[in-house]
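*Asks:* You'll find input27.csv just under this line, and it carries CSV, C-alpha atoms.
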```
chain,number,residue,atom,x,y,z
A,212,MET,CA,28.3,59.7,64.1
A,213,VAL,CA,25.2,58.6,66.0
A,214,ILE,CA,22.7,56.4,64.1
A,215,GLY,CA,18.9,55.8,64.2
A,216,LEU,CA,18.4,52.5,62.4
A,217,LEU,CA,15.1,51.8,60.7
A,218,GLY,CA,14.6,48.1,60.4
A,219,LEU,CA,16.4,45.1,61.9
A,220,GLY,CA,15.7,42.6,59.2
A,221,THR,CA,18.3,40.9,57.1
A,222,ILE,CA,20.2,44.0,56.0
A,223,GLY,CA,19.5,45.9,59.2
A,224,SER,CA,21.0,43.2,61.3
A,225,GLY,CA,24.0,43.0,58.9
A,226,ILE,CA,24.8,46.7,59.2
A,227,TYR,CA,24.4,46.6,63.0
A,228,GLU,CA,26.9,43.7,63.2
A,229,HIS,CA,29.3,45.6,60.9
A,230,LEU,CA,29.2,48.7,63.0
A,231,GLN,CA,29.6,46.9,66.3
A,232,LYS,CA,33.0,45.7,65.1
A,233,ARG,CA,34.2,49.2,64.3
A,234,GLY,CA,33.1,51.3,67.4
A,235,ASP,CA,33.3,54.8,65.9
A,236,ILE,CA,29.7,54.8,64.7
A,237,LYS,CA,27.1,54.4,67.4
A,238,VAL,CA,23.7,52.9,66.8
A,239,LYS,CA,21.5,54.6,69.5
A,240,ARG,CA,18.0,53.6,68.5
A,241,ILE,CA,16.4,51.0,66.3
A,242,LEU,CA,12.9,51.3,64.9
A,243,GLU,CA,11.4,47.9,64.9
A,244,LEU,CA,7.9,46.6,65.6
A,245,LYS,CA,9.1,43.0,66.3
A,246,ARG,CA,11.1,42.8,69.4
A,247,HIS,CA,14.5,41.0,69.3
A,248,PRO,CA,16.2,39.5,72.4
A,249,GLY,CA,19.2,41.5,73.4
A,250,PHE,CA,18.0,44.7,71.7
A,251,GLU,CA,15.4,45.8,74.3
A,252,GLN,CA,17.4,48.9,75.3
A,253,LEU,CA,17.8,50.0,71.7
A,254,GLU,CA,14.4,49.2,70.1
A,255,THR,CA,11.5,51.5,69.8
A,256,SER,CA,8.2,51.4,67.8
A,257,ASP,CA,7.9,55.2,67.8
A,258,PHE,CA,9.9,56.9,65.0
A,259,ASN,CA,9.5,60.2,66.8
A,260,GLU,CA,12.0,59.0,69.4
A,261,ILE,CA,14.6,58.9,66.6
A,262,LEU,CA,13.4,62.0,64.8
A,263,ASN,CA,13.4,64.2,67.9
A,264,ASP,CA,16.7,63.0,69.4
A,265,PRO,CA,19.2,65.8,68.8
A,266,GLU,CA,22.1,63.4,69.3
A,267,ILE,CA,21.1,61.3,66.3
A,268,ASP,CA,22.5,62.9,63.2
A,269,THR,CA,22.1,60.1,60.6
A,270,VAL,CA,19.2,57.8,59.8
A,271,ILE,CA,19.7,54.4,58.0
A,272,GLU,CA,16.5,53.5,56.3
A,273,LEU,CA,16.2,49.7,55.7
A,274,ILE,CA,12.5,49.2,56.1
A,275,GLY,CA,12.0,48.7,52.3
A,276,GLY,CA,8.8,49.3,50.4
A,277,MET,CA,7.1,52.6,49.8
A,278,GLU,CA,5.5,53.4,53.1
A,279,PRO,CA,6.2,54.3,55.8
A,280,ALA,CA,9.8,54.5,54.4
A,281,HIS,CA,9.0,57.5,52.3
A,282,THR,CA,7.3,59.4,55.1
A,283,PHE,CA,10.1,58.7,57.6
A,284,THR,CA,12.8,59.7,55.0
A,285,VAL,CA,11.1,63.0,54.3
A,286,GLN,CA,10.7,63.7,58.0
A,287,ALA,CA,14.3,62.8,58.7
A,288,LEU,CA,15.7,65.1,56.0
A,289,LYS,CA,13.5,67.9,57.1
A,290,ALA,CA,14.8,67.5,60.6
A,291,GLY,CA,18.3,68.1,59.2
A,292,LYS,CA,19.5,64.5,59.5
A,293,ASN,CA,21.6,62.6,57.0
A,294,VAL,CA,19.9,59.6,55.4
A,295,VAL,CA,21.5,56.4,54.0
A,296,THR,CA,19.2,53.9,52.3
A,297,ALA,CA,19.1,50.7,50.2
A,298,ASN,CA,15.5,51.2,49.2
A,299,LYS,CA,15.3,51.2,45.4
A,300,LEU,CA,11.5,51.1,45.2
A,301,MET,CA,10.9,54.2,47.3
A,302,LEU,CA,13.8,56.1,45.8
A,303,SER,CA,13.0,55.4,42.2
A,304,HIS,CA,9.5,56.8,42.7
A,305,HIS,CA,10.5,59.8,44.8
A,306,MET,CA,14.0,60.6,43.6
A,307,GLU,CA,13.4,64.2,42.5
A,308,GLU,CA,11.7,65.1,45.8
A,309,LEU,CA,14.3,63.4,48.1
A,310,LEU,CA,17.4,64.7,46.3
A,311,GLY,CA,15.9,68.2,46.2
A,312,LEU,CA,15.0,68.1,49.9
A,313,ALA,CA,18.5,66.9,50.9
A,314,ARG,CA,20.0,69.7,48.8
A,315,ASP,CA,17.7,72.3,50.4
A,316,MET,CA,18.4,71.1,53.9
A,317,GLY,CA,22.2,70.8,53.3
A,318,VAL,CA,22.4,67.2,54.4
A,319,HIS,CA,23.6,64.0,52.9
A,320,TYR,CA,21.3,61.5,51.2
A,321,ARG,CA,23.3,58.4,50.2
A,322,TYR,CA,21.7,55.6,48.2
A,323,ASP,CA,24.7,53.7,46.8
A,324,ALA,CA,23.3,50.4,48.2
A,325,SER,CA,20.1,50.7,46.2
A,326,VAL,CA,21.8,49.5,43.0
A,327,GLY,CA,24.4,46.8,42.8
A,328,GLY,CA,24.7,45.7,46.4
A,329,SER,CA,28.4,45.6,47.3
A,330,ILE,CA,29.5,46.8,43.8
A,331,PRO,CA,30.8,50.4,44.1
A,332,PHE,CA,28.7,51.4,41.0
A,333,LEU,CA,26.5,54.4,41.8
A,334,TYR,CA,29.2,56.3,43.6
A,335,ASN,CA,31.6,55.8,40.6
A,336,LEU,CA,28.7,56.6,38.2
A,337,MET,CA,28.3,60.0,40.0
A,338,ARG,CA,32.1,60.6,39.6
A,339,HIS,CA,32.2,59.4,35.9
A,340,ARG,CA,29.5,61.8,34.8
A,341,THR,CA,31.4,64.8,36.1
A,342,ALA,CA,34.3,64.1,33.7
A,343,ASP,CA,32.5,62.6,30.7
A,344,THR,CA,29.2,62.3,28.9
A,345,LEU,CA,27.6,59.0,29.7
A,346,THR,CA,25.7,57.4,26.9
A,347,ALA,CA,24.6,53.9,27.9
A,348,LEU,CA,24.1,51.5,30.8
A,349,SER,CA,23.6,47.7,30.7
A,350,GLY,CA,23.8,44.8,33.0
A,351,ILE,CA,22.5,42.2,35.4
A,352,VAL,CA,21.2,44.0,38.4
A,353,ASN,CA,19.1,41.4,40.2
A,354,GLY,CA,20.9,38.5,41.9
A,355,THR,CA,17.8,36.4,42.5
A,356,THR,CA,16.8,36.1,38.9
A,357,ASN,CA,20.4,35.5,37.8
A,358,LEU,CA,20.7,32.7,40.4
A,359,ILE,CA,17.5,31.1,39.0
A,360,LEU,CA,18.5,31.4,35.4
A,361,ASP,CA,22.0,30.1,36.0
A,362,ILE,CA,20.9,27.0,37.8
A,363,MET,CA,18.1,26.3,35.3
A,364,GLN,CA,20.6,26.4,32.4
A,365,THR,CA,23.5,24.6,34.2
A,366,ASP,CA,21.5,21.8,35.9
A,367,GLY,CA,18.6,21.5,33.6
A,368,ARG,CA,16.0,22.1,36.3
A,369,ASP,CA,12.5,23.7,36.1
A,370,PHE,CA,11.7,27.2,37.1
A,371,ASP,CA,9.4,26.3,40.0
A,372,ASP,CA,11.9,23.9,41.5
A,373,VAL,CA,14.8,26.4,41.4
A,374,LEU,CA,12.6,29.2,42.8
A,375,LYS,CA,11.7,27.1,45.8
A,376,GLN,CA,15.4,26.4,46.4
A,377,ALA,CA,16.2,30.1,46.2
A,378,GLN,CA,13.4,30.9,48.7
A,379,ALA,CA,14.6,28.2,51.1
A,380,GLU,CA,18.2,29.6,51.0
A,381,GLY,CA,17.1,33.2,51.5
A,382,TYR,CA,17.8,34.5,48.0
A,383,ALA,CA,14.1,34.9,47.1
A,384,GLU,CA,11.3,36.3,49.2
A,385,ALA,CA,8.2,34.3,50.1
A,386,ASN,CA,6.5,36.6,47.5
A,387,PRO,CA,9.1,36.8,44.8
A,388,ALA,CA,7.2,39.0,42.4
A,389,ALA,CA,9.5,42.0,42.7
A,390,ASP,CA,12.4,39.9,41.5
A,391,ILE,CA,10.9,37.5,39.0
A,392,ASP,CA,8.6,40.0,37.4
A,393,GLY,CA,11.5,42.5,36.9
A,394,ILE,CA,10.2,45.3,39.2
A,395,ASP,CA,13.4,45.3,41.2
A,396,ALA,CA,15.5,45.7,38.1
A,397,GLN,CA,13.1,48.3,36.7
A,398,CYS,CA,13.6,50.5,39.8
A,399,LYS,CA,17.4,50.1,39.6
A,400,ILE,CA,17.8,51.1,36.0
A,401,ALA,CA,15.6,54.1,36.5
A,402,ILE,CA,17.8,55.3,39.4
A,403,ALA,CA,21.1,54.6,37.6
A,404,SER,CA,19.8,56.2,34.4
A,405,ALA,CA,18.9,59.4,36.3
A,406,VAL,CA,22.4,59.6,37.8
A,407,ALA,CA,24.1,58.8,34.4
A,408,TYR,CA,22.1,61.1,32.2
A,409,GLN,CA,21.1,63.8,34.6
A,410,LYS,CA,17.4,63.5,33.8
A,411,TYR,CA,15.0,61.7,36.1
A,412,VAL,CA,13.4,58.5,34.7
A,413,ARG,CA,9.9,57.4,35.8
A,414,PRO,CA,9.9,53.7,36.7
A,415,GLU,CA,6.6,53.3,35.0
A,416,ASP,CA,8.2,54.4,31.7
A,417,VAL,CA,10.6,51.5,31.8
A,418,LEU,CA,9.2,48.6,29.8
A,419,THR,CA,9.7,45.5,31.9
A,420,GLU,CA,9.5,41.8,31.3
A,421,GLY,CA,10.5,39.3,34.0
A,422,ILE,CA,11.3,35.5,34.0
A,423,ARG,CA,8.2,34.2,35.6
A,424,HIS,CA,7.2,32.2,32.5
A,425,ILE,CA,10.5,30.7,31.4
A,426,SER,CA,10.4,26.9,31.1
A,427,GLY,CA,12.7,24.0,30.5
A,428,ARG,CA,11.4,23.9,26.9
A,429,ASP,CA,12.8,27.4,26.4
A,430,ILE,CA,16.3,26.3,27.6
A,431,ILE,CA,16.3,23.6,25.0
A,432,ASN,CA,15.2,26.0,22.3
A,433,PHE,CA,17.9,28.5,23.1
A,434,LYS,CA,20.5,25.9,21.9
A,435,ARG,CA,18.7,24.7,18.8
A,436,ARG,CA,20.3,27.0,16.3
A,437,GLY,CA,23.8,26.1,17.5
A,438,ALA,CA,24.6,29.4,19.0
A,439,GLY,CA,24.4,28.1,22.6
A,440,TYR,CA,22.6,31.2,23.8
A,441,VAL,CA,22.7,31.9,27.5
A,442,CYS,CA,19.6,33.7,29.0
A,443,ARG,CA,20.0,36.5,31.5
A,444,LEU,CA,17.7,39.2,32.8
A,445,ILE,CA,19.3,42.4,31.6
A,446,ALA,CA,18.4,46.0,32.3
A,447,GLN,CA,19.6,48.6,29.9
A,448,SER,CA,19.2,52.2,28.8
A,449,GLN,CA,20.8,54.4,26.2
A,450,VAL,CA,20.8,58.1,25.2
A,451,VAL,CA,19.3,58.4,21.7
A,452,GLY,CA,18.6,62.1,21.4
A,453,GLN,CA,18.6,65.3,23.4
A,454,GLY,CA,16.7,64.4,26.5
A,455,VAL,CA,15.5,61.1,24.9
A,456,VAL,CA,16.5,57.7,26.1
A,457,THR,CA,15.6,54.0,25.7
A,458,CYS,CA,15.1,52.2,29.0
A,459,TYR,CA,13.9,48.6,29.5
A,460,VAL,CA,14.3,45.3,31.3
A,461,GLU,CA,13.8,42.0,29.6
A,462,PRO,CA,15.2,38.4,29.5
A,463,THR,CA,18.0,38.5,26.9
A,464,LEU,CA,19.9,35.8,25.0
A,465,VAL,CA,23.6,36.4,24.9
A,466,ALA,CA,26.5,34.5,23.3
A,467,PRO,CA,28.3,32.1,25.7
A,468,THR,CA,31.4,34.4,25.3
A,469,ALA,CA,29.5,37.5,26.5
A,470,THR,CA,30.4,39.1,29.8
A,471,GLU,CA,26.9,38.4,31.1
A,472,ALA,CA,27.1,34.7,30.3
A,473,ALA,CA,30.0,34.3,32.7
A,474,VAL,CA,28.1,35.9,35.7
A,475,LYS,CA,27.1,33.1,37.9
A,476,LEU,CA,24.6,32.5,40.7
A,477,ASN,CA,23.6,35.7,42.6
A,478,ASN,CA,26.3,38.0,41.2
A,479,ASN,CA,25.7,41.1,39.2
A,480,THR,CA,27.6,42.9,36.4
A,481,ILE,CA,26.9,46.5,35.3
A,482,SER,CA,28.5,48.4,32.4
A,483,VAL,CA,28.6,52.1,31.7
A,484,THR,CA,29.6,53.7,28.4
A,485,GLY,CA,31.2,57.1,28.1
A,486,GLU,CA,32.2,59.2,25.1
A,487,TYR,CA,35.8,59.4,26.3
A,488,PHE,CA,36.6,56.4,28.5
A,489,GLY,CA,34.6,53.8,26.4
A,490,VAL,CA,33.2,51.0,28.5
A,491,HIS,CA,33.8,50.3,32.2
A,492,THR,CA,32.3,47.2,33.8
A,493,PHE,CA,31.7,46.6,37.5
A,494,GLN,CA,31.1,43.1,38.8
A,495,GLY,CA,30.5,41.5,42.2
A,496,GLN,CA,27.8,40.4,44.7
A,497,GLY,CA,24.7,42.4,44.0
A,498,ALA,CA,22.6,41.3,47.0
A,499,GLY,CA,22.6,39.7,50.3
A,500,LYS,CA,23.1,40.6,54.0
A,501,ASP,CA,26.8,41.3,54.1
A,502,PRO,CA,27.3,42.8,50.6
A,503,THR,CA,24.5,45.3,51.0
A,504,ALA,CA,25.5,46.1,54.6
A,505,PHE,CA,29.0,46.8,53.3
A,506,ALA,CA,27.5,49.3,50.8
A,507,VAL,CA,25.5,51.0,53.5
A,508,GLU,CA,28.6,51.3,55.7
A,509,LEU,CA,30.6,52.8,52.8
A,510,GLY,CA,28.0,55.6,52.6
A,511,LEU,CA,28.3,56.2,56.3
A,512,ARG,CA,32.0,56.3,56.2
A,513,ASP,CA,32.1,58.7,53.3
A,514,ILE,CA,29.9,61.1,55.3
A,515,LEU,CA,32.0,60.6,58.4
A,516,ASP,CA,35.3,61.2,56.5
A,517,GLY,CA,34.0,64.3,54.7
A,518,ILE,CA,34.3,62.8,51.2
A,519,SER,CA,30.6,62.5,50.5
A,520,PRO,CA,29.0,65.1,48.3
A,521,ARG,CA,26.5,67.0,50.4
A,522,VAL,CA,24.4,67.7,47.4
A,523,ASN,CA,23.6,65.2,44.6
A,524,PRO,CA,22.3,67.6,42.0
A,525,ILE,CA,20.3,66.4,39.0
A,526,PRO,CA,18.9,69.1,36.8
A,527,GLU,CA,15.1,69.4,37.0
A,528,GLY,CA,13.2,67.5,34.4
A,529,TYR,CA,12.5,64.0,33.2
A,530,ALA,CA,13.9,62.2,30.3
A,531,LYS,CA,11.6,61.1,27.5
A,532,VAL,CA,11.7,57.3,27.3
A,533,ASP,CA,11.0,56.1,23.7
A,534,ASN,CA,11.6,52.3,23.4
A,535,ALA,CA,10.4,52.4,19.8
A,536,LEU,CA,14.0,53.6,19.1
A,537,ALA,CA,15.6,50.4,20.4
A,538,GLY,CA,15.3,47.0,18.7
A,539,HIS,CA,16.7,43.6,17.9
A,540,PRO,CA,15.4,40.1,17.1
A,541,TYR,CA,13.5,38.1,19.7
A,542,TYR,CA,13.0,34.6,20.8
A,543,LEU,CA,9.2,34.0,21.3
A,544,ARG,CA,7.4,31.0,22.6
A,545,THR,CA,3.7,31.1,22.4
A,546,THR,CA,0.7,29.0,21.5
A,547,ALA,CA,-1.2,32.1,20.2
A,548,PRO,CA,-1.3,32.7,16.5
A,549,VAL,CA,1.8,34.7,15.4
A,550,ASP,CA,1.3,37.2,12.6
A,551,ILE,CA,4.8,38.7,12.3
A,552,GLU,CA,7.9,38.0,10.3
A,553,ALA,CA,9.5,35.1,12.2
A,554,GLU,CA,11.3,31.8,11.7
A,555,ARG,CA,9.8,28.8,13.5
A,556,ILE,CA,12.5,26.9,15.4
A,557,GLY,CA,10.4,24.4,17.3
A,558,ASP,CA,6.9,23.7,18.6
A,559,ASP,CA,5.4,27.1,19.3
A,560,ALA,CA,8.9,28.7,19.3
A,561,TYR,CA,10.1,31.5,16.9
A,562,ILE,CA,13.0,33.8,16.2
A,563,THR,CA,11.5,37.1,15.0
A,564,ALA,CA,13.0,39.5,12.5
A,565,PRO,CA,14.4,42.6,14.2
A,566,MET,CA,11.7,44.7,15.8
A,567,SER,CA,11.4,47.5,18.3
A,568,VAL,CA,11.3,46.9,22.0
A,569,GLN,CA,8.1,48.8,22.2
A,570,ALA,CA,6.5,46.7,19.5
A,571,MET,CA,7.6,43.4,21.1
A,572,HIS,CA,6.2,44.3,24.6
A,573,GLU,CA,2.9,45.5,23.0
A,574,LEU,CA,2.7,42.3,21.0
A,575,ALA,CA,3.3,40.1,24.1
A,576,LYS,CA,0.6,42.0,25.9
A,577,THR,CA,-1.9,41.2,23.1
A,578,LEU,CA,-0.9,37.6,22.7
A,579,ARG,CA,-1.2,37.0,26.5
A,580,GLU,CA,-4.9,37.5,26.2
A,581,THR,CA,-5.0,33.9,24.7
A,582,ASP,CA,-1.6,32.6,26.0
A,583,PRO,CA,-0.9,33.8,29.5
A,584,ASP,CA,2.2,31.6,29.7
A,585,LEU,CA,4.0,33.3,26.7
A,586,PHE,CA,7.7,33.9,27.1
A,587,PHE,CA,10.0,36.1,25.1
A,588,ALA,CA,13.6,37.2,25.3
A,589,GLY,CA,15.6,39.7,23.3
A,590,ILE,CA,18.6,38.4,21.3
A,591,GLN,CA,21.8,40.3,21.7
A,592,ASP,CA,24.1,40.0,18.7
```
Can you turn what I pasted into structure tokens?

*Replies:*
Amino acid sequence: MVIGLLGLGTIGSGIYEHLQKRGDIKVKRILELKRHPGFEQLETSDFNEILNDPEIDTVIELIGGMEPAHTFTVQALKAGKNVVTANKLMLSHHMEELLGLARDMGVHYRYDASVGGSIPFLYNLMRHRTADTLTALSGIVNGTTNLILDIMQTDGRDFDDVLKQAQAEGYAEANPAADIDGIDAQCKIAIASAVAYQKYVRPEDVLTEGIRHISGRDIINFKRRGAGYVCRLIAQSQVVGQGVVTCYVEPTLVAPTATEAAVKLNNNTISVTGEYFGVHTFQGQGAGKDPTAFAVELGLRDILDGISPRVNPIPEGYAKVDNALAGHPYYLRTTAPVDIEAERIGDDAYITAPMSVQAMHELAKTLRETDPDLFFAGIQD
């Protein structure tokens, strides 16, 4: 196998280091605008040098973002090259196109590393759905937000302080919006739901709330009713009808005995429910240089060993996402007037009566017109 590697950032350098230790997969060219000492003979700023090289049979796309990652992926697939990626943003918005193109060209498109980092989740999800009907997904799929929430609740520190630490240690980007606003998790649950339910899910249909506005006051309030709630950012979806699913991301309060409460620092946990097998839960490192590089290499080795499905078929069509069909009580902290059925538990803090996910997200949007720092979290009983 001969590789064209797109990007030599954190993950790109990780996969390069991994492959150098093996020797049976050769990295021939690296697309990178910034030059790196020692890589002068491999690096190029012209993608066509990779695209038009007949010896390169597989492209690893680790540029991230939407463009030029999407254009390069399409061109590589059309040129008859396999593609392995960790790019959840680009994939979630172009999944139907890319899987269809890989099928038509008879090549592999492996995206296991886009959800769950080192956790062998997507590959097993593909296998699970061949032998059972999958009905629900739920879990912590973003290591950065879990790290922040875990440290805040364990050490009693403020959000801004912990975010700065996460950035300094390389767990959060300089612009952390994709993580703390839930966009990363939104893309991941859209991809996983498409694989599980065999209907594509548009990321923009996934109601999403992040953790940007959580405060130390909220941590205190979580414990006031004696339940000792633990807050985690959880992505979840469920089949609720023929071609109809709920699909959303939001901070969620879970009991201290819940599986999610025990997931520490930057780890992830993802559960899948099937009609026959019940619930299977996958846990491990969900992000980082080596865990993600490991997942990328697994995709390469499956292709090399002939155990990778050449086609990843998902029937055409999109699921209808209806979050009015999911609901639970909410913790709500706001200075805006609250005109819903709710119990006040502290200054500007409430526990609402059960309400739909759709209704809560719409309410929060309205209340933020006068209270932009509002925070809410679902309560998982």

*Asks:* Point out the residue among A:Ala446, A:Val417, A:Leu217, A:Ile422 with the least atom-to-atom distance to Ile359 (chain A), counting only C-alpha atoms.

*Replies:* A:Ile422

*Asks:* Identify, on the basis of all atoms listed in the file, every residue whose closest approach to region 477-481 of chain A does not exceed 6 Å; exclude the query and any residue fewer than 2 positions from it along the same chain; express the result as number ranges by chain.

*Replies:* A: 349-352, 354-355, 357-358, 475, 492-497

*Asks:* Can you check which parts of region 479-584 of chain A lie within 12 Å of region 339-342 of chain A? Per residue, the shortest pair of atoms and distance in Å to one decimal, counting only C-alpha atoms, sorted by chain and number, as JSON lines.

*Replies:*
```
{"residue": "A:Val483", "atom": "CA", "partner": "A:His339", "partner_atom": "CA", "distance": 9.2}
{"residue": "A:Thr484", "atom": "CA", "partner": "A:His339", "partner_atom": "CA", "distance": 9.8}
{"residue": "A:Gly485", "atom": "CA", "partner": "A:His339", "partner_atom": "CA", "distance": 8.2}
{"residue": "A:Glu486", "atom": "CA", "partner": "A:Ala342", "partner_atom": "CA", "distance": 10.1}
{"residue": "A:Tyr487", "atom": "CA", "partner": "A:Ala342", "partner_atom": "CA", "distance": 8.9}
{"residue": "A:Phe488", "atom": "CA", "partner": "A:His339", "partner_atom": "CA", "distance": 9.1}
{"residue": "A:Gly489", "atom": "CA", "partner": "A:His339", "partner_atom": "CA", "distance": 11.3}
{"residue": "A:Val490", "atom": "CA", "partner": "A:His339", "partner_atom": "CA", "distance": 11.2}
{"residue": "A:His491", "atom": "CA", "partner": "A:His339", "partner_atom": "CA", "distance": 10.0}
{"residue": "A:Asn523", "atom": "CA", "partner": "A:Thr341", "partner_atom": "CA", "distance": 11.5}
{"residue": "A:Pro524", "atom": "CA", "partner": "A:Thr341", "partner_atom": "CA", "distance": 11.2}
{"residue": "A:Ile525", "atom": "CA", "partner": "A:Arg340", "partner_atom": "CA", "distance": 11.1}
```

*Asks:* Would you please work out which residue, of A:Ala347, A:Ile274, A:Ala469, A:Met212, is nearest to Lys292 (chain A) when using all atoms listed in the file?

*Replies:* A:Met212

*Asks:* From the set A:Ile222, A:Ala575, A:Leu543, A:Leu515, which residue has the shortest atom-to-atom contact distance to Tyr561 (chain A), counting all atoms listed in the file?

*Replies:*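 Of A:Ile222, A:Ala575, A:Leu543, A:Leu515, the one nearest Tyr561 (chain A) is A:Leu543, counting all atoms listed in the file.
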
*Asks:* Tell me which of A:Arg338, A:Arg579, A:Lys299, A:His424 sits closest to Ala389 (chain A), counting all atoms listed in the file.

*Replies:*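 Closest candidate: A:Lys299.
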
*Asks:* Taking into account only C-alpha atoms, which residue in the set A:Gln364, A:Asp584, A:Arg321, A:Tyr541 is nearest to Ile518 (chain A)?

*Replies:*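 Distance minimum relative to Ile518 (chain A) lands on A:Arg321.
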
*Asks:* Show me, as a VMD selection string, the residues that have an atom within 7 Å of Asp323 (chain A) when counting only C-alpha atoms, minus same-chain residues fewer than 5 positions from it.

*Replies:* chain A and resid 333 to 334 506 510

*Asks:* Rank A:Leu336, A:Val373, A:Val450, A:Val238 by their smallest atom-to-atom distance to Val532 (chain A), using only C-alpha atoms, and report the top residue only.

*Replies:*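 So, comparing all the options, the nearest one is A:Val450.
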
*Asks:* Excluding Met301 (chain A) and its own-chain neighbours fewer than 3 positions away, which residues fall within 12 Å of it when counting only C-alpha atoms? Please give them as number ranges by chain.

*Replies:* A: 272-285, 296-298, 304-309, 322, 325, 395, 398-399, 401-402, 413-414

*Asks:* Write out as a list in words the residues lying within 8 Å of Ile241 (chain A), counting only C-alpha atoms and excluding same-chain residues fewer than 6 positions away.

*Replies:*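 What passes the distance filter is Gly215, Leu216, Leu217, Gly218, Leu219, Leu253, Glu254 and Thr255 of chain A.
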
*Asks:* Kindly give the distance, in Å, that separates CA of Gly291 (chain A) and CA of Glu508 (chain A), rounded to a single decimal.

*Replies:*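 The value is 20.0 Å.
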
*Asks:* Rounded to one decimal in Å, what is the spacing between CA of Ala498 (chain A) and CA of Pro248 (chain A)?

*Replies:*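 Value for the CA of Ala498 (chain A)-CA of Pro248 (chain A) distance: 26.3 Å.
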
*Asks:* Which value, in Å to one decimal, gives the distance between CA of Pro387 (chain A) and CA of Ser567 (chain A)?

*Replies:*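 CA of Ser567 (chain A) lies 28.7 Å from CA of Pro387 (chain A).
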
*Asks:* Give me the residues near Ala407 (chain A) as JSON, numbers by chain, where near means some atom within 8 Å (using only C-alpha atoms) and where sequence neighbours in that chain fewer than 3 positions away do not count.

*Replies:* {"A": [336, 337, 340, 345, 346, 403, 404]}

*Asks:* Output requested as a PDB file, keeping the file's coordinate frame - region 305-319 of chain A, filled out with N, CA and C atoms.

*Replies:*
```pdb
ATOM      1  N   HIS A 305      10.470  58.526  44.095  1.00  0.00           N
ATOM      2  CA  HIS A 305      10.500  59.800  44.800  1.00  0.00           C
ATOM      3  C   HIS A 305      11.873  60.485  44.688  1.00  0.00           C
ATOM      4  N   MET A 306      12.640  60.155  43.667  1.00  0.00           N
ATOM      5  CA  MET A 306      14.000  60.600  43.600  1.00  0.00           C
ATOM      6  C   MET A 306      14.147  62.120  43.508  1.00  0.00           C
ATOM      7  N   GLU A 307      13.365  62.750  42.676  1.00  0.00           N
ATOM      8  CA  GLU A 307      13.400  64.200  42.500  1.00  0.00           C
ATOM      9  C   GLU A 307      13.143  64.897  43.858  1.00  0.00           C
ATOM     10  N   GLU A 308      12.096  64.462  44.519  1.00  0.00           N
ATOM     11  CA  GLU A 308      11.700  65.100  45.800  1.00  0.00           C
ATOM     12  C   GLU A 308      12.806  64.901  46.844  1.00  0.00           C
ATOM     13  N   LEU A 309      13.351  63.692  46.986  1.00  0.00           N
ATOM     14  CA  LEU A 309      14.300  63.400  48.100  1.00  0.00           C
ATOM     15  C   LEU A 309      15.644  64.075  47.831  1.00  0.00           C
ATOM     16  N   LEU A 310      16.142  64.052  46.601  1.00  0.00           N
ATOM     17  CA  LEU A 310      17.400  64.700  46.300  1.00  0.00           C
ATOM     18  C   LEU A 310      17.280  66.230  46.483  1.00  0.00           C
ATOM     19  N   GLY A 311      16.137  66.755  46.056  1.00  0.00           N
ATOM     20  CA  GLY A 311      15.900  68.200  46.200  1.00  0.00           C
ATOM     21  C   GLY A 311      15.816  68.592  47.670  1.00  0.00           C
ATOM     22  N   LEU A 312      15.161  67.769  48.460  1.00  0.00           N
ATOM     23  CA  LEU A 312      15.000  68.100  49.900  1.00  0.00           C
ATOM     24  C   LEU A 312      16.372  67.989  50.593  1.00  0.00           C
ATOM     25  N   ALA A 313      17.183  66.991  50.262  1.00  0.00           N
ATOM     26  CA  ALA A 313      18.500  66.900  50.900  1.00  0.00           C
ATOM     27  C   ALA A 313      19.364  68.105  50.498  1.00  0.00           C
ATOM     28  N   ARG A 314      19.267  68.537  49.246  1.00  0.00           N
ATOM     29  CA  ARG A 314      20.000  69.700  48.800  1.00  0.00           C
ATOM     30  C   ARG A 314      19.560  70.966  49.588  1.00  0.00           C
ATOM     31  N   ASP A 315      18.260  71.143  49.701  1.00  0.00           N
ATOM     32  CA  ASP A 315      17.700  72.300  50.400  1.00  0.00           C
ATOM     33  C   ASP A 315      18.088  72.358  51.853  1.00  0.00           C
ATOM     34  N   MET A 316      18.134  71.179  52.481  1.00  0.00           N
ATOM     35  CA  MET A 316      18.400  71.100  53.900  1.00  0.00           C
ATOM     36  C   MET A 316      19.919  71.027  54.207  1.00  0.00           C
ATOM     37  N   GLY A 317      20.733  70.886  53.154  1.00  0.00           N
ATOM     38  CA  GLY A 317      22.200  70.800  53.300  1.00  0.00           C
ATOM     39  C   GLY A 317      22.652  69.579  54.063  1.00  0.00           C
ATOM     40  N   VAL A 318      21.993  68.448  53.788  1.00  0.00           N
ATOM     41  CA  VAL A 318      22.400  67.200  54.400  1.00  0.00           C
ATOM     42  C   VAL A 318      22.718  66.153  53.338  1.00  0.00           C
ATOM     43  N   HIS A 319      23.253  65.033  53.799  1.00  0.00           N
ATOM     44  CA  HIS A 319      23.600  64.000  52.900  1.00  0.00           C
ATOM     45  C   HIS A 319      22.451  62.997  52.699  1.00  0.00           C
TER      46      HIS A 319
END
```
